[in-house]
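Student: One structure follows; several queries about it will come next.
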Amino acid sequence: MTARPPAAARRPPASDRSTLAVLASGTGSILEAMIAAGLEVAVVVVDRPCPAEERATDAGVPVERVGRDDFGPGFDREAYTARVVDTLRCHRVGTVAMAGFGTVLGPGMFVAFPRRVLNTHPALLPAFKGWHAVRAALEAGVAVTGCTVHLATEEVDDGPILAQRPVEVLPSDTETSLHERIKSVERELYPQTIRRFLEGELP
């Protein structure tokens with residue numbers, strides 16, 4: 001009988017897109033939706049203390065805190081990015097899903113994981129890029145906005161679109177109410193799209 005290789009040898013290589021990591025900074029509601037959808041998350045990486053850590057721990061998912069202490073103009077983005085990449089490589093990650101991660105990562109992330117970093121955005125890209133997409137949609141008076149899942153690139157809210165779903169803007173909407181309806185769609189669309197990506201259905 002052939003001897004079974006040690007556990008370390010059985011781990012998938014970093015090029016295997018099926019090994020998923022999640023980057024989070026906030027409540028972890030998107031992470032929770034991923035786990036509820038049956039996605040297997042190898043590790044959750046956070047940049048600060050946040051409720052997402054507890055959600056991951058409760059689900060039995062390892063958590064790594066790569067703390068960011070500097071939020072000023074002197075922040076060394078590349079050095080921080082290198083720390084995140086090293087952490088992901090330690091877990092032999094192939095695909096990275098950003099889920100409300102509050103730090104914009106440098107080019108090193110996209111060199112280490114080319115076309116393997118996914119993001120979700122609360123608008124129908126390329127419309128309304130940036131942190132205040134829901135507010136911008138309301139201010140523009142559009143009848144429909146939505147959410148987009150895309151491959152992240154060095155340019156924020158750019159990169160090939162993988163999936164989109166529209167959300168109607170109601171006359172009574174506030175930024176909060178509209179964002180909540182977008183999040184409801186996002187928590188369904190993002191896990192579905194990640195699964196299709198992991199299974200090789202999407203490029």
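Chain identifiers are assigned as A, B, and so on, following the order in which chains appear in the structure tokens; residues are numbered from 1 within each chain, and ligands are numbered from 1 in order of appearance.
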With a distance cut-off of 12 Å and only C-alpha atoms, select the neighbouring residues of Asp70 of chain A, excluding the residue or stretch itself and same-chain residues fewer than 3 positions from it, and output the selection as number ranges by chain.
Tutor: A: 47-48, 67, 73-77, 79-80, 103
Student: Go through A:Ala82, A:Val156, A:Thr176, A:Lys129 one by one, measure the shortest atom-to-atom distance of each to Val111 of chain A using only C-alpha atoms, and give the residue with the smallest value.
Tutor: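 Ranking A:Ala82, A:Val156, A:Thr176, A:Lys129 by distance to Val111 of chain A, first place goes to A:Ala82.
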Student: Restricting the calculation to only C-alpha atoms: of A:Leu151, A:Val93, A:Ala52, A:Ala24, which residue gets closest to Asn119 of chain A?
Tutor: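 That would be A:Leu151, the residue with the smallest distance to Asn119 of chain A.
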Student: For Phe101 of chain A, list every protein, DNA or RNA residue within 9 Å, evaluated using only C-alpha atoms, and leave out those in the same chain fewer than 2 positions away; present the list as a PyMOL selection string.
Tutor: chain A and resi 22-26+46-47+98-99+103-104
Student: DSSP says strand (DSSP E or B) for which residues of chain A? Put them as a PyMOL selection string?
Tutor: chain A and resi 20-24+41-46+63-65+95-99+117-121+144-151+161-168
